[in-house]
file start_1.csv (CSV, C-alpha atoms and all ligand atoms)
chain,number,residue,atom,x,y,z
A,1,MET,CA,-27.7,-10.7,9.1
A,2,THR,CA,-24.9,-8.4,10.2
A,3,ASP,CA,-25.2,-4.8,9.0
A,4,THR,CA,-21.8,-4.5,7.2
A,5,LYS,CA,-22.4,-0.8,6.6
A,6,SER,CA,-22.2,0.0,10.3
A,7,LEU,CA,-19.0,-2.1,10.7
A,8,THR,CA,-17.1,0.2,8.4
A,9,PRO,CA,-18.7,3.6,8.6
A,10,TYR,CA,-15.6,5.5,7.4
A,11,LYS,CA,-14.9,3.4,4.3
A,12,TRP,CA,-16.0,6.2,1.9
A,13,LEU,CA,-13.8,8.7,3.9
A,14,VAL,CA,-10.8,6.4,3.4
A,15,LEU,CA,-11.4,5.9,-0.4
A,16,GLY,CA,-12.5,9.5,-0.9
A,17,SER,CA,-9.4,10.8,0.8
A,18,CYS,CA,-7.3,8.8,-1.6
A,19,VAL,CA,-9.1,10.1,-4.6
A,20,ALA,CA,-8.9,13.7,-3.2
A,21,MET,CA,-5.1,13.3,-2.7
A,22,LEU,CA,-4.7,12.1,-6.3
A,23,ALA,CA,-6.9,15.0,-7.6
A,24,LEU,CA,-5.1,17.6,-5.5
A,25,SER,CA,-1.7,16.3,-6.6
A,26,TYR,CA,-2.7,16.5,-10.2
A,27,LEU,CA,-4.0,20.1,-9.7
A,28,ALA,CA,-0.8,21.1,-7.9
A,29,MET,CA,1.4,19.8,-10.7
A,30,PRO,CA,4.2,22.4,-11.5
A,31,THR,CA,4.2,23.7,-15.1
A,32,TYR,CA,6.4,21.5,-17.2
A,33,GLU,CA,7.3,22.1,-20.8
A,34,GLU,CA,7.6,18.4,-21.6
A,35,ILE,CA,4.8,15.9,-21.2
A,36,GLY,CA,7.4,13.3,-20.1
A,37,ASP,CA,8.0,15.4,-17.0
A,38,GLU,CA,4.3,15.6,-16.2
A,39,ILE,CA,4.1,11.8,-16.5
A,40,GLY,CA,7.2,11.5,-14.2
A,41,TYR,CA,5.6,13.8,-11.6
A,42,MET,CA,2.4,11.8,-11.6
A,43,LEU,CA,4.3,8.5,-11.4
A,44,ARG,CA,6.1,9.8,-8.3
A,45,VAL,CA,3.0,11.2,-6.5
A,46,THR,CA,0.8,8.2,-7.2
A,47,ALA,CA,3.6,5.9,-5.9
A,48,ARG,CA,3.9,8.0,-2.7
A,49,ILE,CA,0.2,8.1,-2.1
A,50,ALA,CA,0.0,4.3,-2.6
A,51,PHE,CA,2.9,3.8,-0.2
A,52,LEU,CA,1.2,5.8,2.5
A,53,PHE,CA,-2.0,3.7,2.3
A,54,LEU,CA,0.0,0.5,2.0
A,55,MET,CA,1.9,1.3,5.2
A,56,LEU,CA,-1.3,2.3,7.0
A,57,ALA,CA,-2.8,-1.1,6.2
A,58,TYR,CA,0.5,-2.9,6.9
A,59,ILE,CA,0.9,-1.6,10.5
A,60,ALA,CA,-2.8,-1.8,11.5
A,61,ARG,CA,-2.3,-5.1,13.5
A,62,PRO,CA,0.8,-4.0,15.4
A,63,VAL,CA,-0.9,-0.7,16.3
A,64,ARG,CA,-3.8,-2.6,17.7
A,65,MET,CA,-1.5,-4.7,19.8
A,66,LEU,CA,0.4,-1.7,21.1
A,67,LEU,CA,-2.4,0.8,21.6
A,68,GLY,CA,-5.6,-1.3,21.6
A,69,ASN,CA,-5.8,-1.4,25.4
A,70,VAL,CA,-5.3,2.3,26.0
A,71,SER,CA,-8.8,3.3,27.0
A,72,SER,CA,-8.9,6.7,25.3
A,73,LEU,CA,-7.7,5.2,22.0
A,74,ARG,CA,-9.5,1.9,22.0
A,75,THR,CA,-12.5,2.9,19.8
A,76,GLY,CA,-10.3,4.7,17.3
A,77,VAL,CA,-7.9,1.8,17.1
A,78,ARG,CA,-10.7,-0.7,16.6
A,79,GLN,CA,-12.2,1.4,13.8
A,80,TYR,CA,-8.7,1.7,12.2
A,81,MET,CA,-8.3,-2.1,12.3
A,82,LYS,CA,-11.8,-2.6,10.8
A,83,HIS,CA,-11.0,-0.3,7.9
A,84,ARG,CA,-7.6,-1.8,6.9
A,85,ARG,CA,-9.3,-3.6,3.9
A,86,PHE,CA,-10.3,-0.1,2.6
A,87,LEU,CA,-6.8,1.2,3.2
A,88,GLY,CA,-5.6,-1.6,1.0
A,89,LEU,CA,-8.2,-0.7,-1.6
A,90,ALA,CA,-7.2,2.9,-1.5
A,91,MET,CA,-3.6,1.8,-2.1
A,92,ALA,CA,-4.8,-0.2,-5.2
A,93,ILE,CA,-6.7,2.9,-6.5
A,94,ALA,CA,-3.6,5.1,-6.3
A,95,HIS,CA,-1.4,2.4,-7.8
A,96,THR,CA,-3.8,1.7,-10.6
A,97,VAL,CA,-3.4,5.3,-11.6
A,98,HIS,CA,0.4,4.7,-11.4
A,99,ALA,CA,-0.1,1.8,-13.8
A,100,GLY,CA,-2.1,4.1,-16.1
A,101,TYR,CA,0.9,6.5,-16.2
A,102,ILE,CA,3.2,3.5,-16.9
A,103,ALA,CA,1.1,2.7,-19.9
A,104,SER,CA,1.3,6.3,-21.1
A,105,LEU,CA,5.2,6.0,-21.0
A,106,GLN,CA,4.8,3.5,-23.8
A,107,LEU,CA,1.7,4.9,-25.5
A,108,VAL,CA,2.5,8.6,-25.4
A,109,LEU,CA,6.3,8.7,-25.3
A,110,GLY,CA,7.0,5.4,-27.1
A,111,GLN,CA,9.4,4.5,-24.2
A,112,GLU,CA,10.5,0.9,-24.1
A,113,LEU,CA,10.3,-0.7,-20.7
A,114,GLY,CA,13.0,-3.2,-19.6
A,115,ILE,CA,11.9,-6.8,-19.3
A,116,GLU,CA,13.0,-7.1,-15.6
A,117,ILE,CA,10.9,-4.0,-14.7
A,118,LEU,CA,8.0,-5.4,-16.6
A,119,VAL,CA,8.3,-8.8,-14.9
A,120,LEU,CA,9.0,-7.6,-11.3
A,121,GLY,CA,7.0,-4.4,-11.3
A,122,GLY,CA,4.2,-5.8,-13.5
A,123,GLY,CA,4.1,-8.9,-11.3
A,124,ALA,CA,3.6,-6.7,-8.2
A,125,LEU,CA,0.7,-4.9,-9.9
A,126,VAL,CA,-0.9,-8.2,-10.8
A,127,PHE,CA,-0.7,-9.3,-7.1
A,128,MET,CA,-2.1,-6.0,-6.1
A,129,TRP,CA,-5.1,-6.4,-8.4
A,130,LEU,CA,-5.6,-10.0,-7.2
A,131,MET,CA,-5.6,-8.8,-3.6
A,132,ALA,CA,-8.0,-6.0,-4.4
A,133,ALA,CA,-10.4,-8.4,-6.2
A,134,THR,CA,-10.3,-10.8,-3.3
A,135,SER,CA,-10.7,-8.2,-0.5
A,136,ASN,CA,-14.2,-9.4,0.4
A,137,GLY,CA,-15.9,-12.0,2.6
A,138,PRO,CA,-16.9,-14.5,-0.1
A,139,SER,CA,-13.4,-14.6,-1.5
A,140,VAL,CA,-12.0,-15.2,2.0
A,141,ASP,CA,-14.4,-18.2,2.4
A,142,LEU,CA,-13.7,-19.5,-1.2
A,143,LEU,CA,-9.9,-19.3,-1.0
A,144,GLY,CA,-9.5,-20.5,2.6
A,145,LYS,CA,-5.8,-20.7,3.6
A,146,ASN,CA,-4.8,-19.6,0.1
A,147,TRP,CA,-6.4,-16.2,0.8
A,148,ARG,CA,-4.0,-15.5,3.6
A,149,ARG,CA,-1.0,-16.8,1.6
A,150,LEU,CA,-2.0,-14.5,-1.4
A,151,HIS,CA,-2.4,-11.5,0.8
A,152,LEU,CA,0.7,-12.1,3.0
A,153,PHE,CA,2.9,-12.7,0.0
A,154,GLY,CA,1.5,-9.9,-2.1
A,155,LEU,CA,1.7,-7.4,0.7
A,156,HIS,CA,5.4,-8.1,1.2
A,157,TYR,CA,6.1,-8.2,-2.5
A,158,LEU,CA,4.6,-4.7,-2.8
A,159,TRP,CA,6.5,-3.6,0.3
A,160,LEU,CA,9.7,-4.8,-1.2
A,161,VAL,CA,9.3,-3.1,-4.5
A,162,PHE,CA,8.5,0.2,-2.7
A,163,VAL,CA,11.4,0.0,-0.3
A,164,TYR,CA,13.8,-1.1,-3.0
A,165,THR,CA,12.7,1.7,-5.4
A,166,PHE,CA,12.9,4.4,-2.7
A,167,ALA,CA,16.3,3.0,-1.5
A,168,GLY,CA,17.6,3.3,-5.1
A,169,ARG,CA,16.8,7.0,-5.1
A,170,ILE,CA,18.6,8.0,-1.9
A,171,ALA,CA,21.7,9.0,-3.9
A,172,GLU,CA,19.7,11.6,-5.9
A,173,ASP,CA,17.8,12.9,-2.9
A,174,PRO,CA,18.6,12.0,0.8
A,175,TRP,CA,14.9,12.6,1.8
A,176,TYR,CA,14.1,9.1,0.4
A,177,ILE,CA,15.7,7.8,3.6
A,178,VAL,CA,12.5,8.8,5.4
A,179,ALA,CA,10.4,6.5,3.2
A,180,VAL,CA,12.9,3.6,3.6
A,181,VAL,CA,13.1,4.0,7.4
A,182,ALA,CA,9.2,4.1,7.5
A,183,GLY,CA,9.1,0.9,5.5
A,184,VAL,CA,11.7,-0.9,7.6
A,185,LEU,CA,10.1,0.3,10.9
A,186,GLY,CA,6.7,-1.1,9.7
A,187,LEU,CA,8.4,-4.5,8.9
A,188,LEU,CA,10.1,-4.5,12.4
A,189,LEU,CA,6.7,-3.7,14.1
A,190,ARG,CA,5.0,-6.6,12.2
A,191,SER,CA,7.8,-9.0,12.9
A,192,TRP,CA,7.6,-8.1,16.6
A,193,VAL,CA,3.9,-8.8,16.6
A,194,TYR,CA,4.4,-12.1,14.8
A,195,TRP,CA,7.1,-13.4,17.2
A,196,SER,CA,5.4,-12.2,20.4
A,197,VAL,CA,2.1,-14.0,19.4
A,198,ARG,CA,4.1,-17.1,18.5
A,199,SER,CA,6.0,-17.1,21.8
A,200,LYS,CA,2.8,-16.6,23.8
A,201,ARG,CA,1.2,-19.6,22.0
A,202,ALA,CA,4.3,-21.7,22.7
A,203,ARG,CA,4.1,-21.0,26.5
A,301,LIG,C1,5.8,-2.3,-14.8
A,301,LIG,C2,5.8,-1.8,-13.6
A,301,LIG,C3,6.3,-0.4,-13.3
A,301,LIG,C4,7.0,0.5,-14.0
A,301,LIG,C5,7.4,0.4,-15.5
A,301,LIG,C6,7.2,1.7,-13.2
A,301,LIG,C7,7.7,2.9,-13.6
A,301,LIG,C8,8.1,3.9,-12.8
A,301,LIG,C9,8.8,5.1,-13.3
A,301,LIG,C10,9.3,5.4,-14.7
A,301,LIG,C11,9.0,5.9,-12.2
A,301,LIG,C12,9.8,7.1,-12.1
A,301,LIG,C13,9.2,8.4,-12.3
A,301,LIG,C14,10.2,9.5,-12.3
A,301,LIG,O1,10.8,9.7,-11.2
A,301,LIG,O2,10.4,10.1,-13.3
A,301,LIG,C15,8.4,5.2,-11.1
A,301,LIG,C16,8.4,5.6,-9.8
A,301,LIG,C17,8.1,4.8,-8.7
A,301,LIG,N1,7.4,3.6,-8.7
A,301,LIG,FE1,6.9,2.6,-10.4
A,301,LIG,N2,6.7,1.4,-12.0
A,301,LIG,C18,6.2,0.1,-12.0
A,301,LIG,C19,5.6,-0.5,-10.9
A,301,LIG,C20,5.7,-0.1,-9.6
A,301,LIG,C21,5.3,-0.9,-8.5
A,301,LIG,C22,4.6,-2.2,-8.5
A,301,LIG,C23,5.7,-0.2,-7.4
A,301,LIG,C24,5.5,-0.5,-5.9
A,301,LIG,C25,5.0,-1.6,-5.5
A,301,LIG,C26,6.3,1.0,-7.8
A,301,LIG,C27,6.8,2.0,-7.0
A,301,LIG,C28,7.4,3.2,-7.4
A,301,LIG,C29,8.0,4.1,-6.6
A,301,LIG,C30,8.2,3.9,-5.1
A,301,LIG,C31,8.5,5.1,-7.3
A,301,LIG,C32,9.3,6.4,-6.9
A,301,LIG,C33,8.4,7.4,-6.3
A,301,LIG,C34,9.3,8.6,-5.9
A,301,LIG,O3,10.3,8.9,-6.5
A,301,LIG,O4,8.8,9.3,-5.0
A,301,LIG,N3,6.3,1.1,-9.2
A,301,LIG,N4,7.8,4.0,-11.5

call {"tool": "encode", "arguments": {"input": "start_1.csv", "output": "structure tokens"}}
result
Amino acid sequence: MTDTKSLTPYKWLVLGSCVAMLALSYLAMPTYEEIGDEIGYMLRVTARIAFLFLMLAYIARPVRMLLGNVSSLRTGVRQYMKHRRFLGLAMAIAHTVHAGYIASLQLVLGQELGIEILVLGGGALVFMWLMAATSNGPSVDLLGKNWRRLHLFGLHYLWLVFVYTFAGRIAEDPWYIVAVVAGVLGLLLRSWVYWSVRSKRAR
């Protein structure tokens, strides 16, 4: 039997760094007078941490194609690729905290959430939890081709909600352009990998 522990020796480092980032962000929260501002701050930091891990998982394959043959980087890139499942799980941890703060908008502040936000944002959260629950070998075997469909669709649905949300905030703060550009570059990298693999196969 394969020793799965040795295949992903840094998984606790990945998951632990996500938890540490969440805890440090909480501790670094500025002093607010209103609880609503505290919730808003935590919604923003949890979304940003989740986006970081999502993008790291999203670009793992293109990075392997670009840098996997550079001898000094080969081992690091291989480990990075093997840990992408845990990068996705770290994203799910951070965004589950986001979901907790969303619930507090209603429970603590009594704030009504628009139906379109609940459907589109809530739908993305449901996909994220489905992806997290099926991020294991037995689920891959059980779901077959549907596993890839679920993860490919869910990944891009989450990507879209992130990029759309960040893009909608550029008018308030131009720094959001950085997040949008990072998201679009990730998409371009993945598209490039997809088309180059397809054209190689066609030859
Ligand atoms: C029912 C679902 C959701 C609701 C009600 C919701 C609510 C919110 C709220 C109220 C904020 C703003 C906090 C503030 O600036 O004061 C926020 C920020 C954000 N949310 Fe969510 N959210 C939902 C789901 C999602 C999902 C699924 C994603 C991504 C896949 C996401 C990504 C973001 C991003 C990117 C930000 C902005 C972070 C920033 O300004 O740096 N949200 N969310």

call {"tool": "atom_distance", "arguments": {"input": "start_1.csv", "atom1": "atom C24 of ligand LIG 301 (chain A)", "atom2": "atom CA of Leu158 of chain A"}}
result
5.3 Å

call {"tool": "residues_near_ligand", "arguments": {"input": "start_1.csv", "ligand": "ligand LIG 301 (chain A)", "cutoff": "9 Å", "atoms": "all atoms listed in the file", "output": "ChimeraX atom specification"}}
result
/A:36-48,50-51,95,98-99,101-103,105,113-128,157-167,169,176,179

call {"tool": "closest_atom_pairs", "arguments": {"input": "start_1.csv", "of": "segment 10-57 of chain A", "to": "segment 186-198 of chain A", "cutoff": "12 Å", "atoms": "all atoms listed in the file", "output": "tab-separated table"}}
result
residue	atom	partner	partner_atom	distance
A:Phe51	CA	A:Gly186	CA	11.7
A:Leu52	CA	A:Gly186	CA	11.4
A:Leu54	CA	A:Gly186	CA	10.3
A:Met55	CA	A:Gly186	CA	7.0
A:Leu56	CA	A:Gly186	CA	9.1
A:Ala57	CA	A:Gly186	CA	10.1

call {"tool": "atom_distance", "arguments": {"input": "start_1.csv", "atom1": "atom CA of Gly100 of chain A", "atom2": "atom CA of Tyr80 of chain A"}}
result
29.2 Å

call {"tool": "closest_residue", "arguments": {"input": "start_1.csv", "among": "A:Leu130, A:Ala23, A:Ile170, A:Ile59", "to": "His151 of chain A", "atoms": "all atoms listed in the file"}}
result
A:Leu130

call {"tool": "residues_near_point", "arguments": {"input": "start_1.csv", "point": "(-6.6, -13.8, -1.9)", "cutoff": "12 Å", "atoms": "only C-alpha atoms", "output": "mmCIF file with C-alpha atoms, keeping the file's coordinate frame"}}
result
data_model
loop_
_atom_site.group_PDB
_atom_site.id
_atom_site.type_symbol
_atom_site.label_atom_id
_atom_site.label_comp_id
_atom_site.auth_asym_id
_atom_site.auth_seq_id
_atom_site.Cartn_x
_atom_site.Cartn_y
_atom_site.Cartn_z
ATOM 1 C CA VAL A 126 -0.900 -8.200 -10.800
ATOM 2 C CA PHE A 127 -0.700 -9.300 -7.100
ATOM 3 C CA MET A 128 -2.100 -6.000 -6.100
ATOM 4 C CA TRP A 129 -5.100 -6.400 -8.400
ATOM 5 C CA LEU A 130 -5.600 -10.000 -7.200
ATOM 6 C CA MET A 131 -5.600 -8.800 -3.600
ATOM 7 C CA ALA A 132 -8.000 -6.000 -4.400
ATOM 8 C CA ALA A 133 -10.400 -8.400 -6.200
ATOM 9 C CA THR A 134 -10.300 -10.800 -3.300
ATOM 10 C CA SER A 135 -10.700 -8.200 -0.500
ATOM 11 C CA ASN A 136 -14.200 -9.400 0.400
ATOM 12 C CA GLY A 137 -15.900 -12.000 2.600
ATOM 13 C CA PRO A 138 -16.900 -14.500 -0.100
ATOM 14 C CA SER A 139 -13.400 -14.600 -1.500
ATOM 15 C CA VAL A 140 -12.000 -15.200 2.000
ATOM 16 C CA ASP A 141 -14.400 -18.200 2.400
ATOM 17 C CA LEU A 142 -13.700 -19.500 -1.200
ATOM 18 C CA LEU A 143 -9.900 -19.300 -1.000
ATOM 19 C CA GLY A 144 -9.500 -20.500 2.600
ATOM 20 C CA LYS A 145 -5.800 -20.700 3.600
ATOM 21 C CA ASN A 146 -4.800 -19.600 0.100
ATOM 22 C CA TRP A 147 -6.400 -16.200 0.800
ATOM 23 C CA ARG A 148 -4.000 -15.500 3.600
ATOM 24 C CA ARG A 149 -1.000 -16.800 1.600
ATOM 25 C CA LEU A 150 -2.000 -14.500 -1.400
ATOM 26 C CA HIS A 151 -2.400 -11.500 0.800
ATOM 27 C CA LEU A 152 0.700 -12.100 3.000
ATOM 28 C CA PHE A 153 2.900 -12.700 0.000
ATOM 29 C CA GLY A 154 1.500 -9.900 -2.100
ATOM 30 C CA LEU A 155 1.700 -7.400 0.700
#

call {"tool": "closest_residue", "arguments": {"input": "start_1.csv", "among": "A:Arg74, A:Lys11, A:Arg203, A:Arg84", "to": "Tyr58 of chain A", "atoms": "only C-alpha atoms"}}
result
A:Arg84

call {"tool": "atom_distance", "arguments": {"input": "start_1.csv", "atom1": "atom CA of Val19 of chain A", "atom2": "atom CA of Ser104 of chain A"}}
result
19.9 Å

call {"tool": "residues_near_point", "arguments": {"input": "start_1.csv", "point": "(-8.1, -0.3, 9.1)", "cutoff": "10 Å", "atoms": "all atoms listed in the file", "output": "VMD selection string"}}
result
chain A and resid 8 10 to 11 14 53 56 to 61 64 76 to 88

call {"tool": "build_atoms", "arguments": {"input": "start_1.csv", "residues": "segment 24-35 of chain A", "atoms": "all heavy atoms", "output": "short mmCIF file (atom, residue, chain, number, x, y, z; two decimals), keeping the file's coordinate frame"}}
result
data_model
loop_
_atom_site.label_atom_id
_atom_site.label_comp_id
_atom_site.auth_asym_id
_atom_site.auth_seq_id
_atom_site.Cartn_x
_atom_site.Cartn_y
_atom_site.Cartn_z
N LEU A 24 -5.83 16.44 -5.96
CA LEU A 24 -5.10 17.60 -5.50
C LEU A 24 -3.65 17.62 -6.04
O LEU A 24 -3.11 18.65 -6.44
CB LEU A 24 -5.09 17.72 -3.98
CG LEU A 24 -6.43 18.12 -3.36
CD1 LEU A 24 -6.36 18.05 -1.83
CD2 LEU A 24 -6.83 19.54 -3.80
N SER A 25 -3.05 16.42 -6.05
CA SER A 25 -1.70 16.30 -6.60
C SER A 25 -1.63 16.67 -8.03
O SER A 25 -0.70 17.33 -8.50
CB SER A 25 -1.12 14.90 -6.39
OG SER A 25 -1.25 14.48 -5.08
N TYR A 26 -2.66 16.22 -8.76
CA TYR A 26 -2.70 16.50 -10.20
C TYR A 26 -2.85 18.06 -10.39
O TYR A 26 -2.13 18.65 -11.21
CB TYR A 26 -3.89 15.81 -10.84
CG TYR A 26 -4.02 16.07 -12.32
CD1 TYR A 26 -3.20 15.39 -13.23
CD2 TYR A 26 -4.91 17.01 -12.82
CE1 TYR A 26 -3.28 15.63 -14.59
CE2 TYR A 26 -5.00 17.27 -14.18
CZ TYR A 26 -4.18 16.57 -15.06
OH TYR A 26 -4.26 16.83 -16.41
N LEU A 27 -3.75 18.66 -9.58
CA LEU A 27 -4.00 20.10 -9.70
C LEU A 27 -2.73 20.91 -9.30
O LEU A 27 -2.50 22.01 -9.80
CB LEU A 27 -5.18 20.54 -8.87
CG LEU A 27 -6.53 19.98 -9.35
CD1 LEU A 27 -7.64 20.32 -8.38
CD2 LEU A 27 -6.87 20.52 -10.75
N ALA A 28 -1.96 20.34 -8.37
CA ALA A 28 -0.80 21.10 -7.90
C ALA A 28 0.47 20.80 -8.72
O ALA A 28 1.57 21.24 -8.38
CB ALA A 28 -0.49 20.61 -6.43
N MET A 29 0.29 20.12 -9.84
CA MET A 29 1.40 19.80 -10.70
C MET A 29 2.13 21.08 -11.17
O MET A 29 1.46 21.98 -11.67
CB MET A 29 0.98 18.97 -11.90
CG MET A 29 2.14 18.58 -12.77
SD MET A 29 1.82 17.36 -14.05
CE MET A 29 0.12 17.19 -14.23
N PRO A 30 3.45 21.17 -11.00
CA PRO A 30 4.20 22.40 -11.50
C PRO A 30 4.02 22.42 -13.04
O PRO A 30 3.70 21.42 -13.68
CB PRO A 30 5.62 22.09 -11.13
CG PRO A 30 5.62 20.98 -10.17
CD PRO A 30 4.36 20.20 -10.38
N THR A 31 4.25 23.60 -13.60
CA THR A 31 4.20 23.70 -15.10
C THR A 31 5.44 23.16 -15.68
O THR A 31 6.54 23.64 -15.39
CB THR A 31 4.01 25.22 -15.44
OG1 THR A 31 3.04 25.78 -14.57
CG2 THR A 31 3.59 25.39 -16.88
N TYR A 32 5.26 22.13 -16.47
CA TYR A 32 6.40 21.50 -17.20
C TYR A 32 6.26 21.81 -18.65
O TYR A 32 5.15 21.90 -19.17
CB TYR A 32 6.40 20.00 -16.96
CG TYR A 32 6.69 19.54 -15.55
CD1 TYR A 32 5.70 18.91 -14.80
CD2 TYR A 32 7.95 19.72 -14.97
CE1 TYR A 32 5.96 18.46 -13.51
CE2 TYR A 32 8.21 19.28 -13.68
CZ TYR A 32 7.21 18.65 -12.95
OH TYR A 32 7.47 18.22 -11.69
N GLU A 33 7.40 21.86 -19.33
CA GLU A 33 7.30 22.10 -20.80
C GLU A 33 7.14 20.75 -21.51
O GLU A 33 6.51 20.70 -22.56
CB GLU A 33 8.61 22.75 -21.25
CG GLU A 33 8.70 24.15 -20.67
CD GLU A 33 9.64 25.06 -21.40
OE1 GLU A 33 10.38 24.57 -22.27
OE2 GLU A 33 9.61 26.26 -21.07
N GLU A 34 7.68 19.67 -20.91
CA GLU A 34 7.60 18.40 -21.60
C GLU A 34 6.55 17.50 -20.93
O GLU A 34 6.45 17.45 -19.69
CB GLU A 34 8.97 17.63 -21.40
CG GLU A 34 10.16 18.36 -21.95
CD GLU A 34 10.20 18.35 -23.47
OE1 GLU A 34 9.66 17.41 -24.07
OE2 GLU A 34 10.76 19.30 -24.04
N ILE A 35 5.80 16.77 -21.76
CA ILE A 35 4.80 15.90 -21.20
C ILE A 35 5.42 14.73 -20.41
O ILE A 35 4.87 14.23 -19.43
CB ILE A 35 3.84 15.33 -22.32
CG1 ILE A 35 2.70 14.55 -21.68
CG2 ILE A 35 4.56 14.45 -23.33
CD1 ILE A 35 1.41 14.63 -22.37
#
